[in-house]
$ cat input.cif   # mmCIF, C-alpha atoms
data_final
loop_
_atom_site.label_atom_id
_atom_site.label_comp_id
_atom_site.auth_asym_id
_atom_site.auth_seq_id
_atom_site.Cartn_x
_atom_site.Cartn_y
_atom_site.Cartn_z
CA MET A 1 -4.03 -1.89 81.97
CA GLY A 2 -3.68 1.27 79.85
CA ILE A 3 -0.73 2.93 78.21
CA GLY A 4 -0.41 5.10 81.31
CA SER A 5 0.84 2.05 83.22
CA PHE A 6 3.78 1.68 80.83
CA LEU A 7 4.55 5.37 80.38
CA PRO A 8 6.67 5.84 83.57
CA GLY A 9 8.90 2.94 82.54
CA ILE A 10 9.17 4.03 78.90
CA VAL A 11 10.14 7.56 79.88
CA LEU A 12 12.62 6.33 82.50
CA LEU A 13 14.35 3.88 80.15
CA GLY A 14 14.32 6.44 77.35
CA ILE A 15 16.16 8.97 79.51
CA VAL A 16 18.72 6.44 80.76
CA ILE A 17 19.49 5.11 77.27
CA PHE A 18 19.55 8.54 75.64
CA VAL A 19 22.05 10.09 78.06
CA HIS A 20 24.27 6.99 77.88
CA GLU A 21 24.44 7.04 74.09
CA LEU A 22 24.73 10.82 74.09
CA GLY A 23 27.86 10.47 76.20
CA HIS A 24 29.43 8.15 73.62
CA PHE A 25 28.29 10.42 70.78
CA LEU A 26 29.73 13.61 72.25
CA ALA A 27 33.02 11.94 73.14
CA ALA A 28 33.32 10.49 69.62
CA LYS A 29 32.65 13.92 68.10
CA TRP A 30 35.20 15.46 70.46
CA ARG A 31 37.78 12.87 69.42
CA ARG A 32 36.87 13.45 65.73
CA VAL A 33 35.74 9.88 65.19
CA THR A 34 33.16 9.64 62.39
CA VAL A 35 29.69 8.86 63.76
CA LEU A 36 27.46 7.17 61.19
CA ARG A 37 24.29 6.68 63.22
CA PHE A 38 22.80 7.75 66.56
CA SER A 39 19.76 5.58 67.31
CA LEU A 40 17.42 5.67 70.28
CA GLY A 41 15.83 2.24 70.22
CA MET A 42 16.69 -0.90 68.30
CA GLY A 43 15.42 -2.53 65.12
CA PRO A 44 13.99 -0.83 62.04
CA GLU A 45 14.01 2.95 61.91
CA LEU A 46 10.74 4.69 62.76
CA VAL A 47 11.70 8.29 62.02
CA GLY A 48 15.01 10.03 61.46
CA PHE A 49 17.06 12.64 59.68
CA THR A 50 20.63 13.12 58.51
CA ALA A 51 22.84 16.03 59.54
CA GLY A 52 26.60 16.49 59.37
CA GLY A 53 27.09 13.00 58.00
CA THR A 54 25.31 11.36 60.95
CA ARG A 55 21.91 9.67 60.79
CA TYR A 56 19.79 10.49 63.87
CA CYS A 57 16.85 8.15 64.29
CA LEU A 58 14.20 6.73 66.56
CA SER A 59 13.77 2.98 66.11
CA TRP A 60 10.78 0.73 66.70
CA ILE A 61 12.00 -1.31 69.68
CA PRO A 62 12.43 0.99 72.73
CA LEU A 63 14.74 -1.41 74.57
CA GLY A 64 18.12 0.07 73.88
CA GLY A 65 20.06 2.35 71.62
CA PHE A 66 23.43 2.64 69.95
CA VAL A 67 26.01 4.93 68.43
CA GLN A 68 27.50 3.47 65.24
CA MET A 69 30.96 4.77 64.50
CA ALA A 70 33.07 4.27 61.41
CA GLY A 71 35.44 1.35 61.78
CA ASP A 72 33.87 -0.09 64.94
CA GLN A 73 33.62 -3.58 63.40
CA LEU A 74 36.16 -5.97 61.88
CA ASN A 75 36.30 -6.43 58.15
CA GLU A 76 34.40 -9.37 56.66
CA ASP A 77 37.62 -11.38 56.51
CA GLY A 78 38.23 -10.86 60.25
CA THR A 79 41.00 -8.30 59.88
CA MET A 80 41.16 -4.92 61.52
CA PRO A 81 39.67 -2.08 59.45
CA GLU A 82 42.10 0.15 57.65
CA GLY A 83 42.13 3.84 58.41
CA GLY A 84 43.33 6.43 60.80
CA PRO A 85 42.06 8.17 63.93
CA GLU A 86 38.69 8.92 62.28
CA LYS A 87 37.75 5.24 62.78
CA PHE A 88 37.07 3.76 66.19
CA LEU A 89 39.22 0.60 66.16
CA THR A 90 42.19 2.43 64.64
CA HIS A 91 41.80 5.43 66.94
CA PRO A 92 44.49 5.89 69.64
CA TRP A 93 43.85 3.72 72.68
CA PHE A 94 43.37 6.63 75.11
CA GLY A 95 40.73 8.13 72.80
CA ARG A 96 38.85 4.83 72.72
CA VAL A 97 38.92 4.75 76.52
CA ALA A 98 37.46 8.26 76.63
CA ILE A 99 34.68 7.32 74.18
CA ALA A 100 33.86 4.09 76.05
CA VAL A 101 33.84 5.68 79.50
CA ALA A 102 31.80 8.69 78.36
CA GLY A 103 28.55 6.70 78.28
CA PRO A 104 28.71 5.48 81.89
CA ALA A 105 30.04 8.91 82.93
CA ALA A 106 26.96 10.53 81.39
CA ASN A 107 24.76 8.21 83.47
CA LEU A 108 26.67 9.18 86.62
CA VAL A 109 26.28 12.90 85.91
CA THR A 110 22.61 12.39 85.10
CA ALA A 111 22.05 10.59 88.40
CA PHE A 112 23.59 13.52 90.27
CA VAL A 113 21.47 16.07 88.37
CA VAL A 114 18.33 14.00 89.01
CA MET A 115 19.15 13.88 92.73
CA VAL A 116 19.53 17.68 92.78
CA ILE A 117 16.15 18.02 91.05
CA THR A 118 14.62 15.58 93.54
CA PHE A 119 15.69 17.69 96.52
CA LEU A 120 14.53 20.89 94.79
CA VAL A 121 11.13 19.44 93.87
CA GLY A 122 10.74 17.94 97.33
CA VAL A 123 10.95 14.56 99.01
CA GLN A 124 7.83 13.13 100.61
CA GLN A 125 8.45 12.44 104.29
CA PRO A 126 6.12 10.38 106.50
CA ASP A 127 3.95 12.22 108.99
CA TRP A 128 1.46 11.14 111.63
CA THR A 129 -1.58 12.55 113.30
CA ASN A 130 -1.07 14.29 116.65
CA LEU A 131 -1.25 11.24 118.93
CA LEU A 132 1.45 10.01 121.30
CA GLY A 133 2.74 6.48 120.89
CA PRO A 134 4.07 4.11 123.57
CA LEU A 135 5.88 5.69 126.53
CA ALA A 136 7.92 3.67 129.01
CA ALA A 137 7.37 4.56 132.66
CA SER A 138 11.10 5.22 133.02
CA THR A 139 11.16 8.07 130.46
CA THR A 140 11.33 11.74 131.33
CA ALA A 141 8.21 12.37 129.24
CA TYR A 142 6.23 9.89 131.33
CA THR A 143 7.34 11.40 134.62
CA ALA A 144 6.43 14.82 133.19
CA GLY A 145 2.84 13.63 132.85
CA LEU A 146 2.56 12.55 129.22
CA ARG A 147 0.82 9.27 128.37
CA GLU A 148 0.32 7.04 125.35
CA GLY A 149 -2.79 8.08 123.44
CA ASP A 150 -2.61 11.76 124.44
CA ARG A 151 -3.51 14.09 121.59
CA PHE A 152 -1.24 17.15 121.56
CA THR A 153 -2.96 20.27 120.22
CA SER A 154 -0.26 22.91 120.71
CA PHE A 155 3.33 23.30 121.84
CA ALA A 156 4.95 26.56 122.95
CA GLY A 157 1.85 28.41 121.79
CA LYS A 158 1.90 26.95 118.26
CA PRO A 159 -0.92 24.69 116.96
CA THR A 160 0.14 21.08 116.32
CA ARG A 161 -2.10 18.97 114.11
CA THR A 162 0.62 16.54 113.07
CA TRP A 163 4.06 15.40 114.22
CA HIS A 164 5.66 17.62 111.63
CA ASP A 165 3.86 20.56 113.23
CA LEU A 166 5.33 19.49 116.58
CA GLU A 167 8.81 19.30 115.05
CA ASN A 168 8.46 22.83 113.67
CA ALA A 169 7.01 24.15 116.94
CA SER A 170 9.88 22.65 118.95
CA ALA A 171 12.60 24.37 116.90
CA GLY A 172 14.80 26.21 119.37
CA ALA A 173 13.25 24.36 122.32
CA GLY A 174 15.11 24.34 125.60
CA LYS A 175 15.65 28.07 125.90
CA ALA A 176 12.52 28.60 128.00
CA ASP A 177 9.73 26.65 129.70
CA ALA A 178 7.33 25.17 127.14
CA THR A 179 3.59 24.66 127.45
CA PHE A 180 2.08 21.45 126.11
CA THR A 181 -1.70 21.50 125.57
CA LEU A 182 -3.23 18.04 125.26
CA GLU A 183 -6.47 16.11 125.14
CA ARG A 184 -6.73 12.93 127.18
CA ALA A 185 -9.91 10.92 126.74
CA GLY A 186 -11.60 14.12 125.53
CA THR A 187 -10.47 16.17 128.52
CA PRO A 188 -8.20 19.20 127.93
CA LEU A 189 -4.90 19.11 129.77
CA THR A 190 -2.05 21.61 130.07
CA LEU A 191 1.50 20.69 131.04
CA VAL A 192 4.36 23.11 131.55
CA ILE A 193 7.73 21.53 130.78
CA PRO A 194 10.77 23.19 132.44
CA ALA A 195 13.33 24.47 129.95
CA ALA A 196 16.00 22.07 131.25
CA ARG A 197 13.77 19.05 130.48
CA VAL A 198 12.18 20.12 127.17
CA LYS A 199 14.72 18.48 124.85
CA THR A 200 14.73 15.24 126.84
CA VAL A 201 10.93 15.09 126.90
CA LEU A 202 10.70 15.66 123.14
CA ALA A 203 13.34 12.99 122.50
CA ASP A 204 11.20 10.45 124.40
CA LEU A 205 8.14 11.00 122.24
CA GLN A 206 7.20 8.84 119.27
CA PRO A 207 4.10 8.43 117.13
CA PRO A 208 1.86 5.37 117.38
CA PRO A 209 3.38 2.48 115.38
CA PRO A 210 1.70 1.74 112.03
CA PRO A 211 -0.68 -1.21 111.93
CA PRO A 212 0.62 -4.55 110.60
CA VAL A 213 -0.93 -3.91 107.20
CA VAL A 214 0.94 -4.25 103.92
CA GLY A 215 1.12 -0.86 102.24
CA GLY A 216 3.30 -1.97 99.33
CA VAL A 217 5.12 -5.04 98.01
CA GLY A 218 8.57 -4.78 96.41
CA THR A 219 8.68 -6.24 92.91
CA GLY A 220 10.60 -9.52 92.85
CA MET A 221 10.99 -9.71 96.64
CA PRO A 222 10.06 -12.84 98.67
CA ALA A 223 6.63 -11.44 99.62
CA TYR A 224 5.98 -10.61 95.96
CA ARG A 225 6.76 -14.17 94.88
CA ALA A 226 4.64 -15.57 97.70
CA GLY A 227 1.54 -13.68 96.57
CA VAL A 228 1.28 -11.07 99.33
CA LYS A 229 -0.88 -8.12 98.27
CA GLU A 230 -1.23 -4.52 99.33
CA GLY A 231 -3.86 -4.36 102.05
CA ASP A 232 -3.09 -7.80 103.54
CA ARG A 233 -2.90 -7.76 107.35
CA VAL A 234 -0.17 -9.71 109.13
CA LEU A 235 -1.66 -11.55 112.11
CA GLN A 236 1.23 -13.74 113.26
CA VAL A 237 4.92 -14.27 112.54
CA ASP A 238 6.26 -17.69 113.51
CA GLY A 239 3.16 -18.28 115.64
CA LYS A 240 3.51 -15.04 117.63
CA PRO A 241 0.79 -12.39 117.26
CA VAL A 242 1.90 -9.00 115.93
CA HIS A 243 0.07 -5.76 116.60
CA SER A 244 2.16 -3.25 114.67
CA PHE A 245 4.27 -3.14 111.53
CA THR A 246 7.37 -2.61 113.66
CA GLU A 247 6.84 -5.98 115.33
CA ILE A 248 7.01 -7.70 111.92
CA ALA A 249 10.57 -6.45 111.36
CA GLN A 250 11.51 -7.38 114.93
CA ALA A 251 10.17 -10.91 114.47
CA LEU A 252 12.11 -11.38 111.22
CA HIS A 253 15.39 -10.08 112.64
CA GLY A 254 18.10 -12.73 112.39
CA ARG A 255 15.89 -15.04 110.31
CA ALA A 256 17.49 -14.43 106.89
CA ASP A 257 17.30 -17.51 104.61
CA GLN A 258 15.14 -19.33 107.18
CA PRO A 259 11.56 -20.26 106.21
CA VAL A 260 9.26 -18.29 108.53
CA PRO A 261 5.53 -19.11 108.80
CA ILE A 262 3.44 -15.94 108.56
CA ARG A 263 -0.33 -15.71 108.94
CA PHE A 264 -2.20 -13.11 106.90
CA GLU A 265 -5.77 -11.87 106.63
CA ARG A 266 -7.30 -10.79 103.33
CA ASP A 267 -10.93 -9.83 102.82
CA GLY A 268 -11.90 -11.49 106.10
CA ARG A 269 -10.11 -14.77 105.30
CA THR A 270 -6.93 -15.96 106.99
CA PHE A 271 -4.19 -17.90 105.23
CA ASP A 272 -0.65 -19.03 105.97
CA LEU A 273 2.48 -18.52 103.91
CA THR A 274 6.01 -19.69 104.67
CA ILE A 275 8.46 -17.07 103.42
CA ALA A 276 12.24 -17.02 103.67
CA PRO A 277 13.43 -13.41 104.18
CA MET A 278 16.38 -12.13 102.17
CA ARG A 279 19.51 -10.96 103.96
CA VAL A 280 20.21 -7.24 103.71
CA ASP A 281 23.75 -7.28 105.12
CA GLY A 282 26.73 -9.56 105.41
CA THR A 283 25.85 -10.75 108.92
CA GLY A 284 22.45 -12.15 108.08
CA GLU A 285 20.91 -10.32 111.04
CA GLY A 286 19.08 -7.91 108.78
CA ALA A 287 16.26 -9.70 106.97
CA LEU A 288 13.33 -8.52 104.90
CA ILE A 289 10.52 -9.99 102.83
CA GLY A 290 9.90 -6.82 100.82
CA ILE A 291 6.81 -5.17 102.29
CA GLU A 292 6.20 -1.54 103.27
CA PRO A 293 3.94 -0.12 105.97
CA PRO A 294 0.74 1.63 104.89
CA ARG A 295 1.16 5.21 103.78
CA GLY A 296 -0.42 7.80 106.00
CA LEU A 297 0.10 11.53 106.22
CA GLU A 298 3.06 13.07 104.42
CA TRP A 299 4.83 16.38 104.15
CA THR A 300 7.19 17.61 101.44
CA GLU A 301 10.77 18.47 102.36
CA LYS A 302 12.33 20.87 99.85
CA LEU A 303 15.90 22.12 99.94
CA PRO A 304 17.31 25.33 98.48
CA LEU A 305 19.87 24.91 95.72
CA LEU A 306 22.88 25.50 97.98
CA GLU A 307 21.71 22.67 100.23
CA ALA A 308 20.36 20.43 97.45
CA VAL A 309 23.74 20.16 95.69
CA PRO A 310 25.73 18.72 98.63
CA ALA A 311 22.76 16.54 99.60
CA ALA A 312 22.64 15.20 96.03
CA TRP A 313 26.40 14.60 96.11
CA ARG A 314 26.04 12.49 99.24
CA GLY A 315 22.96 10.76 97.87
CA THR A 316 24.69 9.89 94.59
CA GLY A 317 27.69 8.54 96.48
CA GLY A 318 25.37 6.39 98.54
CA LEU A 319 23.71 5.04 95.39
CA VAL A 320 27.09 4.19 93.85
CA ALA A 321 28.15 2.30 96.98
CA SER A 322 24.80 0.50 97.17
CA VAL A 323 24.77 -0.51 93.50
CA TYR A 324 28.35 -1.80 93.53
CA GLY A 325 27.65 -3.66 96.77
CA SER A 326 24.61 -5.32 95.20
CA LEU A 327 26.54 -6.05 92.01
CA TRP A 328 29.27 -7.75 94.00
CA LEU A 329 26.75 -9.89 95.86
CA THR A 330 25.03 -10.78 92.59
CA LEU A 331 28.30 -11.80 90.95
CA THR A 332 29.54 -13.77 93.94
CA ARG A 333 26.19 -15.37 94.82
CA PRO A 334 24.24 -15.47 91.54
CA ALA A 335 21.95 -18.31 92.62
CA TYR A 336 20.90 -16.41 95.73
CA TYR A 337 20.29 -13.03 94.12
CA ARG A 338 18.95 -14.18 90.77
CA GLU A 339 15.42 -13.05 91.69
CA SER A 340 16.71 -9.49 92.06
CA VAL A 341 17.95 -9.41 88.46
CA GLY A 342 15.64 -7.84 85.92
CA GLY A 343 15.46 -6.18 82.55
CA PRO A 344 13.20 -3.64 80.86
CA ILE A 345 9.93 -5.22 82.02
CA PHE A 346 11.19 -5.44 85.61
CA ILE A 347 12.36 -1.82 85.50
CA GLY A 348 9.03 -0.83 83.96
CA GLN A 349 7.15 -2.46 86.84
CA MET A 350 9.30 -0.64 89.39
CA ALA A 351 8.85 2.65 87.50
CA ARG A 352 5.07 2.21 87.48
CA ASP A 353 4.96 1.43 91.20
CA SER A 354 7.30 4.28 92.13
CA ALA A 355 5.31 6.75 90.03
CA LYS A 356 2.19 5.81 91.99
CA ARG A 357 3.99 6.70 95.21
CA GLY A 358 5.08 10.13 94.01
CA LEU A 359 7.40 12.03 91.70
CA ASP A 360 10.23 11.88 94.23
CA ARG A 361 10.13 8.07 94.25
CA TRP A 362 10.21 7.97 90.44
CA LEU A 363 13.11 10.41 90.29
CA TYR A 364 15.03 8.37 92.86
CA LEU A 365 14.51 5.25 90.76
CA LEU A 366 15.69 7.17 87.68
CA ALA A 367 18.91 8.07 89.49
CA LEU A 368 19.31 4.48 90.73
CA ILE A 369 18.89 2.94 87.27
CA ASN A 370 21.41 5.40 85.82
CA ILE A 371 23.96 4.24 88.39
CA ALA A 372 23.09 0.58 87.74
CA ILE A 373 23.58 1.03 83.98
CA MET A 374 26.89 2.77 84.65
CA ALA A 375 28.15 -0.04 86.88
CA PHE A 376 27.00 -2.81 84.53
CA ASN A 377 28.55 -1.25 81.42
CA LEU A 378 31.90 -0.74 83.13
CA LEU A 379 32.30 -4.49 83.73
CA PRO A 380 35.35 -5.77 81.81
CA VAL A 381 33.15 -7.91 79.59
CA PRO A 382 33.41 -7.95 75.78
CA LEU A 383 30.64 -6.02 74.00
CA LEU A 384 30.27 -3.74 77.02
CA ASP A 385 32.04 -0.42 77.51
CA GLY A 386 34.33 -2.06 80.05
CA GLY A 387 35.38 -4.54 77.40
CA HIS A 388 36.54 -1.73 75.10
CA VAL A 389 38.46 -0.21 78.02
CA THR A 390 40.09 -3.59 78.69
CA LEU A 391 41.25 -3.96 75.08
CA ALA A 392 42.53 -0.39 74.99
CA ALA A 393 44.44 -0.93 78.24
CA LEU A 394 45.93 -4.14 76.82
CA GLU A 395 47.08 -2.20 73.78
CA ALA A 396 48.64 0.45 76.01
CA VAL A 397 50.58 -2.20 77.95
CA ARG A 398 51.68 -4.15 74.85
CA ARG A 399 52.30 -0.92 72.89
CA ARG A 400 50.65 -2.40 69.83
CA ALA A 401 47.08 -3.12 68.82
CA VAL A 402 45.59 -6.57 69.27
CA SER A 403 45.13 -8.65 66.15
CA GLY A 404 41.84 -9.05 64.38
CA ARG A 405 41.72 -12.69 65.47
CA THR A 406 42.22 -11.78 69.15
CA TYR A 407 39.58 -9.09 68.90
CA MET A 408 37.13 -11.51 67.24
CA ASN A 409 37.65 -14.19 69.90
CA PHE A 410 37.27 -11.60 72.63
CA GLN A 411 33.97 -10.46 71.12
CA LYS A 412 32.75 -14.04 70.76
CA VAL A 413 33.27 -14.61 74.48
CA GLY A 414 31.32 -11.44 75.18
CA LEU A 415 28.55 -12.50 72.83
CA VAL A 416 28.13 -15.77 74.71
CA LEU A 417 28.20 -14.10 78.14
CA VAL A 418 25.96 -11.18 77.29
CA GLY A 419 23.65 -13.36 75.18
CA THR A 420 23.22 -15.87 78.00
CA LEU A 421 22.54 -13.08 80.47
CA PHE A 422 20.07 -11.48 78.07
CA VAL A 423 18.12 -14.71 77.62
CA PHE A 424 18.06 -15.27 81.38
CA ILE A 425 16.88 -11.71 82.12
CA VAL A 426 14.20 -11.73 79.42
CA SER A 427 12.88 -15.11 80.58
CA LYS A 428 12.71 -13.86 84.18
CA ASP A 429 11.01 -10.67 83.03
CA LEU A 430 8.39 -12.58 81.06
CA MET A 431 7.72 -15.21 83.73
CA ARG A 432 7.71 -12.96 86.81
CA PRO A 433 4.25 -11.35 86.24
CA PHE A 434 2.61 -14.73 85.56
CA GLN A 435 4.24 -16.30 88.61
CA ARG A 436 3.00 -13.35 90.63
CA LEU A 437 -0.59 -13.74 89.39
CA ARG A 438 -0.60 -17.45 90.23
CA ALA A 439 0.83 -16.79 93.69
CA VAL A 440 -1.71 -14.03 94.44
CA ASP A 441 -4.57 -16.31 93.40
CA LYS A 442 -3.21 -19.30 95.32
CA ALA A 443 -2.23 -17.55 98.57
CA PRO A 444 -5.64 -17.16 100.26
CA ARG A 445 -6.80 -20.63 99.21
CA GLU A 446 -4.08 -22.81 100.63
CA THR A 447 -0.80 -22.81 102.52
CA THR A 448 2.10 -21.87 100.27
CA THR A 449 5.81 -22.25 100.94
CA VAL A 450 8.31 -19.88 99.37
CA ALA A 451 11.81 -21.22 99.94
CA PRO A 452 14.99 -19.17 99.65
CA SER A 453 15.78 -18.44 96.01
CA HIS A 454 19.07 -20.35 96.21
CA HIS A 455 17.54 -23.61 97.43
#
$ encode --input "input.cif" --output "structure tokens"
Amino acid sequence: MGIGSFLPGIVLLGIVIFVHELGHFLAAKWRRVTVLRFSLGMGPELVGFTAGGTRYCLSWIPLGGFVQMAGDQLNEDGTMPEGGPEKFLTHPWFGRVAIAVAGPAANLVTAFVVMVITFLVGVQQPDWTNLLGPLAASTTAYTAGLREGDRFTSFAGKPTRTWHDLENASAGAGKADATFTLERAGTPLTLVIPAARVKTVLADLQPPPPPPVVGGVGTGMPAYRAGVKEGDRVLQVDGKPVHSFTEIAQALHGRADQPVPIRFERDGRTFDLTIAPMRVDGTGEGALIGIEPPRGLEWTEKLPLLEAVPAAWRGTGGLVASVYGSLWLTLTRPAYYRESVGGPIFIGQMARDSAKRGLDRWLYLLALINIAIMAFNLLPVPLLDGGHVTLAALEAVRRRAVSGRTYMNFQKVGLVLVGTLFVFIVSKDLMRPFQRLRAVDKAPRETTTVAPSHH
């Protein structure tokens, strides 16, 4: 595994950390609070320079960063530092709120900008070869003469080599009769669809379903922990044969948290795994094990700037809602969702996998992680940005600053909470790859049971 495998994660984390700390830095400068050091990375300094009284440096450990401001720590005797508004802890409460919130706000703005860039660069959309999928006898398309397996070669006089071609050719359909040219069992066929039925016929059509082959495995998901690999073929779910990827999802529907026996084939050998799908909604009807269908043809959807901006606005709003929903579930059901929690190594794995699938996937993950960092840092926990906001709000209500003793106790609580979480995340990060390797090696040799993570 070369450095190229780690590069997508290093770049992603570097951007997220840099913009977060830059937000704090700019807000502190705006509020005229003295900034002593701006570090990207933790630990000993690698390179750096001093300008305007601030030391700018790159440190050896690329797992964080910080902005050190004058007066942001208690004195050695536990008392509040002396000084005026040029020091953080003696700065007016509303200024401290602005400085604390600026970091998460920078992540939010960055996520929006990244989403705009994503739509401008282009999003990869799935496409399929020009074959018709299943058609029920009751559909208008069937009665018009179309059949499953027909290969459409043109529509309304425009060549159609893929389904995206058909979509483009059908733009404005319904205004006149449309000619469908097809091949059925190698025999050319021409159908003329009346204008009044064109839209209905097109709505009935669908591509052939993808085969029940694993095209990708989500890091940390039930299938990942069970040892499922890309390229594995699903033969049965709960004893029932499956012939398409769609049937896998249908068979798992309503089975969240329930161990489901699944038979796979790998390199000509069959093996059984029992996997408990995770719930994806509050009802438990939606259930997934974390696998994707195989990737086939694709086309790139690009938006002009005037369309990319509102699309990015909606996309960022959706990410915020999704992240806070997941955060709520994680906080209220930590035992259940503990496998979904990860740190730098986990993020690096996701960044590597997303980069393999395309720039748009990596950019989407970059936006997602920015939102996740924003949400996490705004928690009212000591040592986090939300903790500073909480103390500042308390000062505003009491109309006087908290004592050094109160501040110290508050920070100690945060140290215990954040330290415990850090140890848990790092241990999960370090163990997850080894557990995955053991599961992958074990899966084709014997039956393996993967129980729900909360059992």
$ closest_residue --input "input.cif" --among "A:Ala105, A:Val217, A:Leu273, A:Met115" --to "Gly317 of chain A" --atoms "all atoms listed in the file"
A:Met115
$ closest_residue --input "input.cif" --among "A:Lys175, A:His24, A:Lys158, A:Arg233" --to "Asn107 of chain A" --atoms "all atoms listed in the file"
A:His24
$ resolve_selection --input "input.cif" --expression "the PyMOL selection byres ((chain A and resi 47) around 9)" --output "ChimeraX atom specification"
/A:45-46,48-49,56-60
$ atom_distance --input "input.cif" --atom1 "atom CA of Gly414 of chain A" --atom2 "atom CA of Leu74 of chain A"
15.2 Å
$ resolve_selection --input "input.cif" --expression "the PyMOL selection byres ((chain A and resi 111) around 8)" --output "MDAnalysis selection string"
chainID A and resid 107:110 112:115 316 366:368 370:371
$ axis_aligned_box --input "input.cif" --around "segment 317-326 of chain A" --padding-each-side "6 Å" --output "lines of an AutoDock Vina configuration file"
center_x = 26.0
center_y = 1.6
center_z = 96.0
size_x = 16.6
size_y = 25.9
size_z = 17.0
